[in-house]
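Student: Dropping in protein.pdb, with PDB, C-alpha atoms.
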```
MODEL        1
ATOM      1  CA  MET A   1       2.691  65.948 -14.506
ATOM      2  CA  ASN A   2       4.630  64.922 -11.499
ATOM      3  CA  GLN A   3       4.580  61.173 -10.924
ATOM      4  CA  GLN A   4       5.672  59.821  -7.596
ATOM      5  CA  GLU A   5       8.222  57.002  -7.600
ATOM      6  CA  PRO A   6       7.047  53.756  -5.974
ATOM      7  CA  ASN A   7       8.518  53.103  -2.570
ATOM      8  CA  PRO A   8      10.875  50.081  -2.862
ATOM      9  CA  ILE A   9      10.431  49.197   0.801
ATOM     10  CA  LEU A  10       6.652  49.071   0.403
ATOM     11  CA  ILE A  11       6.944  46.967  -2.750
ATOM     12  CA  THR A  12       9.311  44.567  -0.996
ATOM     13  CA  PHE A  13       6.957  44.273   1.975
ATOM     14  CA  MET A  14       3.994  43.598  -0.318
ATOM     15  CA  LEU A  15       5.908  40.904  -2.235
ATOM     16  CA  ILE A  16       6.954  39.183   0.992
ATOM     17  CA  PHE A  17       3.358  39.340   2.246
ATOM     18  CA  VAL A  18       1.954  37.859  -0.977
ATOM     19  CA  PHE A  19       4.558  35.069  -1.022
ATOM     20  CA  ALA A  20       3.808  34.278   2.636
ATOM     21  CA  ILE A  21       0.105  33.921   1.822
ATOM     22  CA  ILE A  22       0.886  31.692  -1.174
ATOM     23  CA  ILE A  23       3.155  29.461   0.933
ATOM     24  CA  PHE A  24       0.519  29.276   3.679
ATOM     25  CA  LEU A  25      -2.134  28.202   1.154
ATOM     26  CA  ILE A  26       0.184  25.596  -0.362
ATOM     27  CA  ILE A  27       0.876  24.142   3.096
ATOM     28  CA  SER A  28      -2.856  24.156   3.898
ATOM     29  CA  MET A  29      -3.789  22.358   0.695
ATOM     30  CA  TRP A  30      -0.885  19.944   1.236
ATOM     31  CA  LYS A  31      -2.394  19.000   4.611
ATOM     32  CA  VAL A  32      -5.863  18.530   3.072
ATOM     33  CA  PHE A  33      -4.437  16.310   0.330
ATOM     34  CA  GLU A  34      -2.596  14.174   2.889
ATOM     35  CA  LYS A  35      -5.725  13.869   5.049
ATOM     36  CA  ALA A  36      -7.505  12.523   1.971
ATOM     37  CA  GLY A  37      -4.764   9.922   1.412
ATOM     38  CA  GLN A  38      -3.276  11.716  -1.599
ATOM     39  CA  PRO A  39       0.301  12.920  -2.044
ATOM     40  CA  GLY A  40       0.751  16.383  -0.556
ATOM     41  CA  TRP A  41       3.314  17.393  -3.155
ATOM     42  CA  ALA A  42       0.517  17.247  -5.752
ATOM     43  CA  THR A  43      -0.466  20.775  -4.695
ATOM     44  CA  LEU A  44       2.665  22.026  -6.449
ATOM     45  CA  ILE A  45       1.883  20.566  -9.896
ATOM     46  CA  PRO A  46      -0.584  22.841 -11.759
ATOM     47  CA  ILE A  47      -2.986  20.514 -13.621
ATOM     48  CA  TYR A  48      -2.294  17.482 -11.462
ATOM     49  CA  ASN A  49      -3.509  19.298  -8.333
ATOM     50  CA  ILE A  50      -6.885  19.869  -9.998
ATOM     51  CA  TYR A  51      -7.004  16.171 -10.899
ATOM     52  CA  ILE A  52      -6.326  15.246  -7.259
ATOM     53  CA  MET A  53      -8.990  17.682  -6.011
ATOM     54  CA  VAL A  54     -11.483  16.112  -8.407
ATOM     55  CA  LYS A  55     -10.527  12.658  -7.107
ATOM     56  CA  ILE A  56     -10.852  13.806  -3.476
ATOM     57  CA  ALA A  57     -14.327  15.113  -4.367
ATOM     58  CA  GLY A  58     -15.215  11.630  -5.605
ATOM     59  CA  LYS A  59     -15.649  12.646  -9.233
ATOM     60  CA  GLU A  60     -14.251  11.007 -12.355
ATOM     61  CA  GLY A  61     -10.887  12.165 -13.701
ATOM     62  CA  TRP A  62     -12.407  13.549 -16.906
ATOM     63  CA  TRP A  63     -13.929  16.378 -14.837
ATOM     64  CA  VAL A  64     -10.525  18.065 -15.177
ATOM     65  CA  LEU A  65     -11.433  18.755 -18.819
ATOM     66  CA  LEU A  66     -14.433  20.769 -17.651
ATOM     67  CA  TYR A  67     -12.006  23.227 -16.027
ATOM     68  CA  LEU A  68     -10.855  24.181 -19.539
ATOM     69  CA  ILE A  69     -14.263  25.605 -20.506
ATOM     70  CA  PRO A  70     -14.419  29.267 -19.370
ATOM     71  CA  ILE A  71     -17.800  29.698 -17.624
ATOM     72  CA  VAL A  72     -18.236  26.008 -16.850
ATOM     73  CA  SER A  73     -14.949  25.991 -14.920
ATOM     74  CA  LEU A  74     -16.385  28.369 -12.312
ATOM     75  CA  ILE A  75     -19.415  26.157 -11.778
ATOM     76  CA  ILE A  76     -17.295  22.991 -11.681
ATOM     77  CA  SER A  77     -14.895  24.496  -9.140
ATOM     78  CA  ILE A  78     -17.855  25.337  -6.888
ATOM     79  CA  ILE A  79     -19.275  21.813  -7.250
ATOM     80  CA  VAL A  80     -15.874  20.218  -6.549
ATOM     81  CA  SER A  81     -15.328  22.475  -3.519
ATOM     82  CA  ILE A  82     -18.752  21.562  -2.111
ATOM     83  CA  GLU A  83     -18.040  17.856  -2.634
ATOM     84  CA  ILE A  84     -14.622  18.146  -0.959
ATOM     85  CA  ALA A  85     -16.272  19.880   2.000
ATOM     86  CA  LYS A  86     -18.879  17.104   2.234
ATOM     87  CA  LYS A  87     -16.156  14.443   2.157
ATOM     88  CA  PHE A  88     -14.683  16.136   5.221
ATOM     89  CA  GLY A  89     -18.045  16.285   7.001
ATOM     90  CA  LYS A  90     -18.699  19.969   6.296
ATOM     91  CA  ASP A  91     -21.811  21.522   4.788
ATOM     92  CA  THR A  92     -22.522  23.240   1.472
ATOM     93  CA  GLY A  93     -21.810  26.685   2.925
ATOM     94  CA  PHE A  94     -18.314  25.561   3.866
ATOM     95  CA  GLY A  95     -17.821  24.279   0.315
ATOM     96  CA  ILE A  96     -18.837  27.628  -1.141
ATOM     97  CA  GLY A  97     -16.415  29.289   1.269
ATOM     98  CA  LEU A  98     -13.744  26.875   0.074
ATOM     99  CA  ALA A  99     -14.391  27.984  -3.514
ATOM    100  CA  PHE A 100     -14.516  31.745  -2.930
ATOM    101  CA  LEU A 101     -12.562  32.343   0.302
ATOM    102  CA  GLY A 102      -9.938  29.643   0.065
ATOM    103  CA  ILE A 103      -7.450  31.678   2.081
ATOM    104  CA  ILE A 104      -9.697  31.137   5.109
ATOM    105  CA  PHE A 105     -11.333  27.760   4.456
ATOM    106  CA  TRP A 106      -8.389  25.640   3.167
ATOM    107  CA  PRO A 107      -6.421  26.243   6.410
ATOM    108  CA  ILE A 108      -9.510  25.408   8.492
ATOM    109  CA  LEU A 109      -9.841  22.129   6.604
ATOM    110  CA  GLY A 110      -6.118  21.374   6.639
ATOM    111  CA  PHE A 111      -5.234  22.282  10.205
ATOM    112  CA  GLY A 112      -8.607  21.570  11.819
ATOM    113  CA  ASP A 113      -9.920  18.273  13.120
ATOM    114  CA  ALA A 114     -11.934  17.413   9.989
ATOM    115  CA  VAL A 115     -11.515  13.802   8.874
ATOM    116  CA  TYR A 116     -11.802  12.612   5.296
ATOM    117  CA  ASN A 117     -14.568  10.062   4.692
ATOM    118  CA  ASP A 118     -14.545   8.577   1.205
ATOM    119  CA  ASN A 119     -17.765   6.570   1.715
ATOM    120  CA  LYS A 120     -16.342   4.034  -0.736
ATOM    121  CA  ILE A 121     -17.310   1.126   1.533
ATOM    122  CA  ASP A 122     -20.893   2.434   1.769
ATOM    123  CA  LYS A 123     -21.069   2.719  -2.028
ATOM    124  CA  ASP A 124     -19.680  -0.800  -2.493
ATOM    125  CA  LEU A 125     -22.183  -2.254  -0.006
ATOM    126  CA  GLU A 126     -25.016  -0.331  -1.655
ATOM    127  CA  GLU A 127     -24.059  -1.772  -5.043
ATOM    128  CA  LEU A 128     -24.123  -5.268  -3.523
ATOM    129  CA  GLY A 129     -27.597  -4.572  -2.162
ATOM    130  CA  GLU A 130     -26.575  -5.095   1.456
ATOM    131  CA  VAL A 131     -27.340  -1.542   2.568
ATOM    132  CA  ASN A 132     -30.418   0.434   1.651
ATOM    133  CA  PHE A 133     -30.156   4.199   1.724
TER
ENDMDL
END
```
Before we go any further, please render this structure as structure tokens.
Tutor:
Amino acid sequence: MNQQEPNPILITFMLIFVFAIIIFLIISMWKVFEKAGQPGWATLIPIYNIYIMVKIAGKEGWWVLLYLIPIVSLIISIIVSIEIAKKFGKDTGFGIGLAFLGIIFWPILGFGDAVYNDNKIDKDLEELGEVNF
């Protein structure tokens, strides 16, 4: 059989393209983290970035452990993405897009005009009984 050698120029182009996409996603997530009042550099630390995403979503820190369970991690990542989208005033569809098409939706969230709303004050007032929802 005659195997064709891979083209080194094509391989180099593909590697540059993939690295450019990775850098673009890192910058996009960095912007989202900063909008949420978290350190942007957290996107670079593997487990810590999941912890920060869980915190941005308004969930407890132990949710990170759920990412270690194979099938559950997929469901948890969808739930966290939907909650992050809601915190930025987006709908459930945007959250699902964030989970499955992050290359499109993280930049929209990071570079768009979406504003993070923690709703912590509303929760505190609700616990005091001053606001009825």
Student: List, as a ChimeraX atom specification, every residue that the PyMOL selection byres ((chain A and resi 117) around 8) selects in the file provided.
Tutor: /A:36,87-89,115-116,118-119
Student: Which residue is closest to Val18 (chain A)? Choose from A:Ala42, A:Ile52, A:Ile103, A:Ile108 and count all atoms listed in the file.
Tutor: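 Going through A:Ala42, A:Ile52, A:Ile103, A:Ile108 one by one, the smallest distance to Val18 (chain A) is for A:Ile103.
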Student: One decimal, Å: what's the distance from CA of Thr92 (chain A) over to CA of Trp30 (chain A), could you say?
Tutor: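 CA of Thr92 (chain A) sits 21.9 Å away from CA of Trp30 (chain A).
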Student: Go through A:Ile50, A:Ala20, A:Leu109, A:Ile11 and flag the residue nearest Ala85 (chain A), using all atoms listed in the file for the distances.
Tutor: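 Nearest candidate to Ala85 (chain A) out of A:Ile50, A:Ala20, A:Leu109, A:Ile11: A:Leu109.
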Student: Rank nothing, just name the residue among A:Ile69, A:Lys55, A:Val32, A:Gln4 nearest to Leu98 (chain A), using all atoms listed in the file.
Tutor: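 Going through A:Ile69, A:Lys55, A:Val32, A:Gln4 one by one, the smallest distance to Leu98 (chain A) is for A:Val32.
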Student: Suppose you want the space between CA of Lys90 (chain A) and CA of Phe33 (chain A); what is it in Å?
Tutor: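 Between these atoms lies a distance of 15.9 Å.
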Student: For this file, the PyMOL selection byres ((chain A and resi 21-24) around 12) selects which residues, as JSON, numbers by chain?
Tutor: {"A": [14, 15, 16, 17, 18, 19, 20, 25, 26, 27, 28, 29, 30, 31, 43, 44, 102, 103, 104, 105, 106, 107, 108, 110, 111]}
Student: I'd like to see the residues matched by the PyMOL selection byres ((chain A and resi 61-68) around 12) on this file, and ideally I'd get them as an MDAnalysis selection string.
Tutor: chainID A and resid 46:60 69:80
Student: Identify which of the residues A:Asp91, A:Ile45, A:Gly40, A:Pro8 lies closest to Ala114 (chain A), counting all atoms listed in the file when measuring atom-to-atom distances.
Tutor: A:Asp91
Student: What is the CA of Ser81 (chain A)-CA of Gly95 (chain A) distance in Å, reported with one decimal?
Tutor: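 Computed distance, CA of Ser81 (chain A) to CA of Gly95 (chain A), equals 4.9 Å.
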